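Asker: For reference, the file final_29.cif (mmCIF, N, CA and C atoms) is included below:
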data_coords
#
loop_
_atom_site.label_atom_id
_atom_site.label_comp_id
_atom_site.auth_asym_id
_atom_site.auth_seq_id
_atom_site.Cartn_x
_atom_site.Cartn_y
_atom_site.Cartn_z
N THR U 1 -110.70 -65.91 129.27
CA THR U 1 -109.37 -66.44 129.55
C THR U 1 -108.34 -65.78 128.64
N ARG U 2 -107.12 -65.76 129.10
CA ARG U 2 -106.06 -65.14 128.34
C ARG U 2 -104.81 -66.02 128.41
N PHE U 3 -104.00 -65.94 127.40
CA PHE U 3 -102.69 -66.58 127.37
C PHE U 3 -102.76 -68.06 127.78
N SER U 4 -102.99 -68.91 126.82
CA SER U 4 -102.99 -70.36 127.00
C SER U 4 -104.09 -70.84 127.94
N GLY U 5 -105.24 -70.18 127.92
CA GLY U 5 -106.37 -70.63 128.72
C GLY U 5 -106.30 -70.28 130.19
N ILE U 6 -105.32 -69.50 130.60
CA ILE U 6 -105.21 -69.11 132.01
C ILE U 6 -106.20 -67.98 132.28
N PRO U 7 -107.12 -68.17 133.24
CA PRO U 7 -108.11 -67.12 133.51
C PRO U 7 -107.46 -65.85 134.04
N TYR U 8 -108.02 -64.74 133.65
CA TYR U 8 -107.52 -63.44 134.09
C TYR U 8 -108.12 -63.10 135.45
N SER U 9 -107.31 -62.63 136.37
CA SER U 9 -107.77 -62.28 137.70
C SER U 9 -107.26 -60.90 138.06
N VAL U 10 -108.11 -60.08 138.65
CA VAL U 10 -107.69 -58.75 139.06
C VAL U 10 -107.22 -58.72 140.51
N THR U 11 -107.11 -59.88 141.14
CA THR U 11 -106.72 -59.95 142.54
C THR U 11 -105.38 -59.28 142.78
N ASN U 12 -104.40 -59.56 141.95
CA ASN U 12 -103.06 -58.98 142.11
C ASN U 12 -102.78 -57.99 140.99
N SER U 13 -103.66 -57.01 140.83
CA SER U 13 -103.47 -56.05 139.74
C SER U 13 -103.45 -54.63 140.29
N ILE U 14 -102.91 -53.74 139.48
CA ILE U 14 -102.87 -52.33 139.81
C ILE U 14 -103.09 -51.56 138.51
N ASN U 15 -103.85 -50.49 138.59
CA ASN U 15 -104.06 -49.61 137.45
C ASN U 15 -103.03 -48.50 137.56
N VAL U 16 -102.22 -48.32 136.54
CA VAL U 16 -101.10 -47.38 136.60
C VAL U 16 -101.25 -46.29 135.54
N TRP U 17 -101.15 -45.05 135.99
CA TRP U 17 -101.03 -43.90 135.09
C TRP U 17 -99.62 -43.38 135.29
N SER U 18 -98.78 -43.57 134.30
CA SER U 18 -97.37 -43.19 134.46
C SER U 18 -96.77 -42.87 133.10
N SER U 19 -95.50 -42.52 133.13
CA SER U 19 -94.79 -42.25 131.88
C SER U 19 -94.24 -43.51 131.26
N GLY U 20 -94.40 -44.64 131.92
CA GLY U 20 -93.94 -45.90 131.34
C GLY U 20 -93.53 -46.89 132.40
N MET U 21 -93.01 -48.00 131.94
CA MET U 21 -92.59 -49.07 132.82
C MET U 21 -91.35 -49.72 132.23
N TRP U 22 -90.36 -49.98 133.07
CA TRP U 22 -89.17 -50.68 132.64
C TRP U 22 -89.20 -52.09 133.19
N VAL U 23 -88.75 -53.04 132.37
CA VAL U 23 -88.60 -54.43 132.80
C VAL U 23 -87.19 -54.85 132.41
N SER U 24 -86.49 -55.52 133.33
CA SER U 24 -85.13 -55.95 133.01
C SER U 24 -84.83 -57.34 133.57
N THR U 25 -83.84 -57.95 132.98
CA THR U 25 -83.27 -59.18 133.52
C THR U 25 -82.29 -58.79 134.62
N ALA U 26 -81.70 -59.76 135.28
CA ALA U 26 -80.74 -59.48 136.34
C ALA U 26 -79.52 -58.73 135.80
N THR U 27 -79.04 -59.08 134.61
CA THR U 27 -77.87 -58.37 134.07
C THR U 27 -78.22 -56.94 133.69
N GLY U 28 -79.45 -56.68 133.31
CA GLY U 28 -79.86 -55.32 132.99
C GLY U 28 -80.10 -54.47 134.22
N SER U 29 -80.17 -55.11 135.39
CA SER U 29 -80.47 -54.36 136.61
C SER U 29 -79.28 -53.56 137.11
N SER U 30 -78.09 -53.83 136.61
CA SER U 30 -76.91 -53.15 137.14
C SER U 30 -76.64 -51.80 136.50
N ALA U 31 -77.31 -51.47 135.43
CA ALA U 31 -77.03 -50.20 134.76
C ALA U 31 -78.26 -49.30 134.75
N ALA U 32 -79.02 -49.34 133.68
CA ALA U 32 -80.16 -48.43 133.51
C ALA U 32 -81.19 -48.59 134.62
N MET U 33 -81.53 -49.80 134.97
CA MET U 33 -82.56 -50.02 136.00
C MET U 33 -82.10 -49.46 137.34
N ALA U 34 -80.87 -49.73 137.72
CA ALA U 34 -80.35 -49.21 138.99
C ALA U 34 -80.28 -47.68 138.98
N ALA U 35 -79.88 -47.12 137.85
CA ALA U 35 -79.80 -45.67 137.74
C ALA U 35 -81.17 -45.01 137.86
N ALA U 36 -82.22 -45.75 137.49
CA ALA U 36 -83.58 -45.21 137.56
C ALA U 36 -84.22 -45.46 138.93
N GLY U 37 -83.49 -46.11 139.85
CA GLY U 37 -84.02 -46.35 141.18
C GLY U 37 -84.37 -47.79 141.46
N GLY U 38 -84.08 -48.69 140.53
CA GLY U 38 -84.37 -50.11 140.73
C GLY U 38 -83.36 -50.77 141.64
N LYS U 39 -83.54 -52.06 141.83
CA LYS U 39 -82.68 -52.84 142.72
C LYS U 39 -81.61 -53.57 141.92
N HIS U 40 -80.42 -53.64 142.47
CA HIS U 40 -79.36 -54.45 141.86
C HIS U 40 -79.67 -55.91 142.14
N MET U 41 -79.55 -56.76 141.14
CA MET U 41 -79.85 -58.18 141.29
C MET U 41 -78.60 -59.00 141.03
N ASN U 42 -78.52 -60.19 141.62
CA ASN U 42 -77.44 -61.11 141.37
C ASN U 42 -77.50 -61.52 139.90
N THR U 43 -76.39 -61.47 139.19
CA THR U 43 -76.39 -61.75 137.74
C THR U 43 -76.81 -63.18 137.39
N SER U 44 -76.77 -64.09 138.34
CA SER U 44 -77.19 -65.47 138.05
C SER U 44 -78.70 -65.67 138.24
N SER U 45 -79.40 -64.65 138.69
CA SER U 45 -80.83 -64.77 138.93
C SER U 45 -81.60 -64.91 137.62
N ARG U 46 -82.64 -65.74 137.63
CA ARG U 46 -83.52 -65.90 136.45
C ARG U 46 -84.75 -65.01 136.59
N ASP U 47 -84.84 -64.25 137.67
CA ASP U 47 -85.98 -63.38 137.90
C ASP U 47 -85.92 -62.14 137.01
N LEU U 48 -87.05 -61.48 136.88
CA LEU U 48 -87.15 -60.20 136.20
C LEU U 48 -87.48 -59.13 137.23
N GLN U 49 -87.25 -57.91 136.86
CA GLN U 49 -87.57 -56.79 137.73
C GLN U 49 -88.35 -55.76 136.92
N TYR U 50 -89.38 -55.16 137.52
CA TYR U 50 -90.05 -54.07 136.85
C TYR U 50 -90.01 -52.81 137.71
N LEU U 51 -90.05 -51.68 137.05
CA LEU U 51 -90.03 -50.38 137.70
C LEU U 51 -91.03 -49.47 136.98
N ILE U 52 -92.03 -49.01 137.70
CA ILE U 52 -93.01 -48.10 137.14
C ILE U 52 -92.44 -46.69 137.23
N ARG U 53 -92.43 -46.01 136.12
CA ARG U 53 -91.82 -44.68 136.04
C ARG U 53 -92.86 -43.58 136.28
N GLU U 54 -92.57 -42.69 137.19
CA GLU U 54 -93.30 -41.44 137.39
C GLU U 54 -94.82 -41.60 137.48
N HIS U 55 -95.27 -42.25 138.54
CA HIS U 55 -96.72 -42.32 138.77
C HIS U 55 -97.30 -40.92 138.81
N MET U 56 -98.41 -40.72 138.12
CA MET U 56 -99.03 -39.40 138.12
C MET U 56 -99.77 -39.11 139.42
N ILE U 57 -100.02 -40.12 140.23
CA ILE U 57 -100.73 -39.90 141.50
C ILE U 57 -99.89 -40.32 142.70
N GLU U 58 -98.58 -40.43 142.54
CA GLU U 58 -97.77 -40.98 143.62
C GLU U 58 -97.65 -40.07 144.84
N ASN U 59 -98.02 -38.79 144.75
CA ASN U 59 -97.94 -37.92 145.91
C ASN U 59 -99.25 -37.84 146.68
N HIS U 60 -100.24 -38.61 146.29
CA HIS U 60 -101.51 -38.64 147.01
C HIS U 60 -101.26 -39.29 148.37
N PRO U 61 -101.54 -38.60 149.48
CA PRO U 61 -101.14 -39.09 150.81
C PRO U 61 -101.70 -40.47 151.18
N SER U 62 -102.94 -40.78 150.80
CA SER U 62 -103.51 -42.05 151.24
C SER U 62 -102.99 -43.24 150.45
N THR U 63 -102.35 -43.03 149.31
CA THR U 63 -101.90 -44.15 148.50
C THR U 63 -100.39 -44.15 148.27
N LYS U 64 -99.66 -43.21 148.85
CA LYS U 64 -98.23 -43.10 148.57
C LYS U 64 -97.46 -44.38 148.90
N GLN U 65 -97.66 -44.95 150.09
CA GLN U 65 -96.93 -46.17 150.44
C GLN U 65 -97.41 -47.36 149.62
N GLU U 66 -98.71 -47.44 149.40
CA GLU U 66 -99.25 -48.53 148.59
C GLU U 66 -98.65 -48.51 147.19
N LEU U 67 -98.55 -47.34 146.58
CA LEU U 67 -97.95 -47.23 145.25
C LEU U 67 -96.46 -47.50 145.30
N ALA U 68 -95.78 -47.04 146.34
CA ALA U 68 -94.35 -47.29 146.47
C ALA U 68 -94.07 -48.79 146.53
N ASP U 69 -94.96 -49.54 147.17
CA ASP U 69 -94.79 -51.00 147.25
C ASP U 69 -94.90 -51.66 145.89
N PHE U 70 -95.65 -51.07 144.98
CA PHE U 70 -95.84 -51.64 143.64
C PHE U 70 -94.85 -51.09 142.62
N ASN U 71 -94.21 -49.96 142.91
CA ASN U 71 -93.33 -49.29 141.94
C ASN U 71 -92.21 -50.17 141.42
N ASN U 72 -91.59 -50.93 142.29
CA ASN U 72 -90.41 -51.69 141.91
C ASN U 72 -90.49 -53.06 142.56
N LYS U 73 -90.71 -54.07 141.74
CA LYS U 73 -90.85 -55.44 142.27
C LYS U 73 -90.07 -56.43 141.43
N ILE U 74 -89.83 -57.57 142.05
CA ILE U 74 -89.19 -58.69 141.38
C ILE U 74 -90.29 -59.65 140.93
N VAL U 75 -90.20 -60.10 139.70
CA VAL U 75 -91.11 -61.11 139.17
C VAL U 75 -90.31 -62.41 139.12
N GLY U 76 -90.71 -63.38 139.94
CA GLY U 76 -89.98 -64.64 140.03
C GLY U 76 -89.92 -65.38 138.71
N SER U 77 -88.94 -66.26 138.58
CA SER U 77 -88.73 -66.97 137.31
C SER U 77 -89.91 -67.83 136.91
N GLU U 78 -90.77 -68.20 137.85
CA GLU U 78 -91.96 -69.00 137.54
C GLU U 78 -93.23 -68.14 137.48
N GLU U 79 -93.09 -66.83 137.69
CA GLU U 79 -94.23 -65.93 137.65
C GLU U 79 -94.30 -65.24 136.29
N GLN U 80 -95.37 -64.51 136.06
CA GLN U 80 -95.48 -63.73 134.83
C GLN U 80 -96.17 -62.41 135.14
N LEU U 81 -95.93 -61.46 134.29
CA LEU U 81 -96.50 -60.13 134.41
C LEU U 81 -97.36 -59.90 133.18
N THR U 82 -98.63 -59.58 133.39
CA THR U 82 -99.55 -59.32 132.29
C THR U 82 -99.88 -57.84 132.28
N LEU U 83 -99.67 -57.20 131.15
CA LEU U 83 -99.98 -55.78 131.00
C LEU U 83 -101.11 -55.61 130.00
N ARG U 84 -102.03 -54.71 130.30
CA ARG U 84 -103.09 -54.36 129.35
C ARG U 84 -102.95 -52.90 129.03
N TRP U 85 -102.83 -52.59 127.75
CA TRP U 85 -102.64 -51.21 127.30
C TRP U 85 -103.98 -50.50 127.28
N ASN U 86 -104.09 -49.39 128.02
CA ASN U 86 -105.36 -48.67 128.16
C ASN U 86 -105.35 -47.29 127.52
N SER U 87 -104.44 -47.03 126.62
CA SER U 87 -104.42 -45.77 125.86
C SER U 87 -104.72 -46.07 124.40
N GLN U 88 -105.08 -45.04 123.67
CA GLN U 88 -105.42 -45.24 122.26
C GLN U 88 -104.25 -45.81 121.46
N LYS U 89 -103.07 -45.24 121.65
CA LYS U 89 -101.89 -45.68 120.90
C LYS U 89 -100.67 -45.64 121.80
N GLY U 90 -99.72 -46.48 121.49
CA GLY U 90 -98.47 -46.50 122.23
C GLY U 90 -97.46 -47.40 121.55
N ARG U 91 -96.38 -47.66 122.23
CA ARG U 91 -95.32 -48.48 121.65
C ARG U 91 -94.56 -49.16 122.77
N ILE U 92 -94.18 -50.40 122.53
CA ILE U 92 -93.31 -51.12 123.45
C ILE U 92 -91.94 -51.22 122.79
N PHE U 93 -90.90 -50.98 123.57
CA PHE U 93 -89.52 -51.04 123.07
C PHE U 93 -88.82 -52.21 123.76
N ILE U 94 -88.08 -52.98 122.99
CA ILE U 94 -87.33 -54.11 123.51
C ILE U 94 -85.86 -53.85 123.27
N ASP U 95 -85.07 -53.92 124.34
CA ASP U 95 -83.62 -53.66 124.27
C ASP U 95 -83.35 -52.26 123.72
N GLY U 96 -83.88 -51.26 124.41
CA GLY U 96 -83.71 -49.88 123.95
C GLY U 96 -84.58 -49.63 122.74
N SER U 97 -84.04 -48.98 121.75
CA SER U 97 -84.82 -48.68 120.54
C SER U 97 -84.59 -49.70 119.42
N HIS U 98 -83.89 -50.80 119.73
CA HIS U 98 -83.54 -51.78 118.70
C HIS U 98 -84.75 -52.49 118.10
N LEU U 99 -85.76 -52.72 118.90
CA LEU U 99 -86.95 -53.43 118.45
C LEU U 99 -88.16 -52.79 119.11
N SER U 100 -89.18 -52.48 118.32
CA SER U 100 -90.38 -51.88 118.89
C SER U 100 -91.62 -52.48 118.24
N HIS U 101 -92.75 -52.32 118.92
CA HIS U 101 -94.02 -52.81 118.41
C HIS U 101 -95.10 -51.82 118.82
N ASN U 102 -95.94 -51.43 117.87
CA ASN U 102 -97.03 -50.50 118.16
C ASN U 102 -98.10 -51.18 119.01
N LEU U 103 -98.73 -50.41 119.89
CA LEU U 103 -99.80 -50.90 120.74
C LEU U 103 -101.06 -50.07 120.50
N GLU U 104 -102.20 -50.71 120.67
CA GLU U 104 -103.50 -50.04 120.58
C GLU U 104 -104.32 -50.40 121.80
N LEU U 105 -105.38 -49.64 122.05
CA LEU U 105 -106.26 -49.85 123.18
C LEU U 105 -106.67 -51.31 123.29
N GLY U 106 -106.48 -51.90 124.47
CA GLY U 106 -106.88 -53.28 124.72
C GLY U 106 -105.81 -54.32 124.46
N ASP U 107 -104.69 -53.95 123.84
CA ASP U 107 -103.62 -54.93 123.62
C ASP U 107 -103.09 -55.43 124.95
N GLU U 108 -102.69 -56.69 124.98
CA GLU U 108 -102.14 -57.29 126.18
C GLU U 108 -100.75 -57.83 125.90
N ILE U 109 -99.90 -57.70 126.90
CA ILE U 109 -98.51 -58.12 126.80
C ILE U 109 -98.22 -59.06 127.96
N LEU U 110 -97.67 -60.22 127.66
CA LEU U 110 -97.28 -61.18 128.69
C LEU U 110 -95.76 -61.17 128.80
N ILE U 111 -95.25 -60.94 130.00
CA ILE U 111 -93.81 -60.89 130.23
C ILE U 111 -93.46 -61.97 131.24
N ASN U 112 -92.51 -62.84 130.86
CA ASN U 112 -92.03 -63.86 131.79
C ASN U 112 -90.57 -64.17 131.48
N ALA U 113 -89.99 -65.02 132.27
CA ALA U 113 -88.56 -65.35 132.13
C ALA U 113 -88.35 -66.70 131.48
N LYS U 114 -89.23 -67.11 130.60
CA LYS U 114 -89.17 -68.44 130.01
C LYS U 114 -88.18 -68.55 128.84
N ALA U 115 -87.52 -67.47 128.48
CA ALA U 115 -86.55 -67.52 127.38
C ALA U 115 -85.29 -68.26 127.82
N PRO U 116 -84.56 -68.84 126.87
CA PRO U 116 -83.30 -69.50 127.25
C PRO U 116 -82.32 -68.48 127.82
N PRO U 117 -81.49 -68.88 128.76
CA PRO U 117 -80.53 -67.94 129.35
C PRO U 117 -79.49 -67.48 128.34
N LEU U 118 -79.02 -66.26 128.53
CA LEU U 118 -77.93 -65.73 127.72
C LEU U 118 -76.62 -65.96 128.47
N SER U 119 -75.57 -66.21 127.73
CA SER U 119 -74.26 -66.34 128.36
C SER U 119 -73.71 -64.96 128.66
N LEU U 120 -73.13 -64.81 129.83
CA LEU U 120 -72.54 -63.54 130.24
C LEU U 120 -71.03 -63.70 130.27
N PHE U 121 -70.34 -62.91 129.49
CA PHE U 121 -68.88 -62.95 129.44
C PHE U 121 -68.36 -61.71 130.12
N THR U 122 -67.50 -61.89 131.11
CA THR U 122 -66.92 -60.76 131.84
C THR U 122 -65.41 -60.77 131.68
N ARG U 123 -64.85 -59.63 131.82
CA ARG U 123 -63.40 -59.50 131.75
C ARG U 123 -62.81 -59.84 133.10
N ASP U 124 -61.76 -60.62 133.11
CA ASP U 124 -61.09 -60.98 134.36
C ASP U 124 -60.48 -59.72 134.97
N ALA U 125 -60.84 -59.41 136.19
CA ALA U 125 -60.37 -58.19 136.87
C ALA U 125 -58.86 -58.17 137.06
N ALA U 126 -58.21 -59.35 137.05
CA ALA U 126 -56.77 -59.44 137.26
C ALA U 126 -55.96 -59.03 136.05
N LEU U 127 -56.60 -58.93 134.88
CA LEU U 127 -55.84 -58.59 133.66
C LEU U 127 -55.43 -57.15 133.60
#
Is it possible to express this structure as structure tokens?
Answerer:
Amino acid sequence: TRFSGIPYSVTNSINVWSSGMWVSTATGSSAAMAAAGGKHMNTSSRDLQYLIREHMIENHPSTKQELADFNNKIVGSEEQLTLRWNSQKGRIFIDGSHLSHNLELGDEILINAKAPPLSLFTRDAAL
């Protein structure tokens, strides 16, 4: 079992060889995520979005559509994304390069939207 006694299941899993993965909130989807090919999300959404970057096997004809379906998805506010690091060494970056954490083979990362919401302040377009 992993993460609070929840059993691990490979039913909804994919093994990814890529240059990385981006995860963003709805407000982050309008800039970097959209520029990388992600979907624009409503800023009031509590969902997360992930985008797998540069699959190393994405041009394989029998799996191209299957991989495209997994490349960019929305993770609902009540869902979670579990990642298992399968390389010897790596690093996870949070909010660009502001915060990072080293990873080693077998490390697991749980990503969900359970954090308190951030306030979004916008400039009035009429000003």
Asker: Kindly resolve the PyMOL selection byres ((chain U and resi 26) around 8) on the present coordinates and return the residues as an MDAnalysis selection string.
Answerer: chainID U and resid 23:25 27:31 40:49
Asker: Go through U:Ala34, U:Leu103, U:Ile52, U:Ile111 one by one, measure the shortest atom-to-atom distance of each to Trp85 of chain U using all atoms listed in the file, and give the residue with the smallest value.
Answerer: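 For Trp85 of chain U, the nearest of the given residues is U:Leu103.
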Asker: Would you compute the distance between atom C of Glu78 of chain U and atom C of Lys114 of chain U? Give it in Å to one decimal.
Answerer: 10.0 Å
Asker: Which residues, named as in the file, does the PyMOL selection byres ((chain U and resi 92) around 6) pick out? Answer as a ChimeraX atom specification.
Answerer: /U:90-91,93-94,99-103
Asker: Given only C-alpha atoms as the basis, pick out the residue of U:Ala36, U:Asp107, U:Glu54, U:Thr122 nearest to Arg84 of chain U.
Answerer: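 Going through U:Ala36, U:Asp107, U:Glu54, U:Thr122 one by one, the smallest distance to Arg84 of chain U is for U:Asp107.
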Asker: One decimal, Å: what's the distance from atom CA of Ser19 of chain U over to atom CA of Asn112 of chain U, could you say?
Answerer: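 For atom CA of Ser19 of chain U relative to atom CA of Asn112 of chain U, the distance reads 21.8 Å.
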Asker: Could you check how far atom CA of Ala32 of chain U sits from atom CA of Leu51 of chain U, in Å to one decimal?
Answerer: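 Atom CA of Ala32 of chain U sits 10.9 Å away from atom CA of Leu51 of chain U.
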Asker: Nearest residue to Phe70 of chain U out of U:Ser87, U:Tyr50, U:Gly20, U:Glu108, using all atoms listed in the file?
Answerer: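 So, comparing all the options, the nearest one is U:Tyr50.
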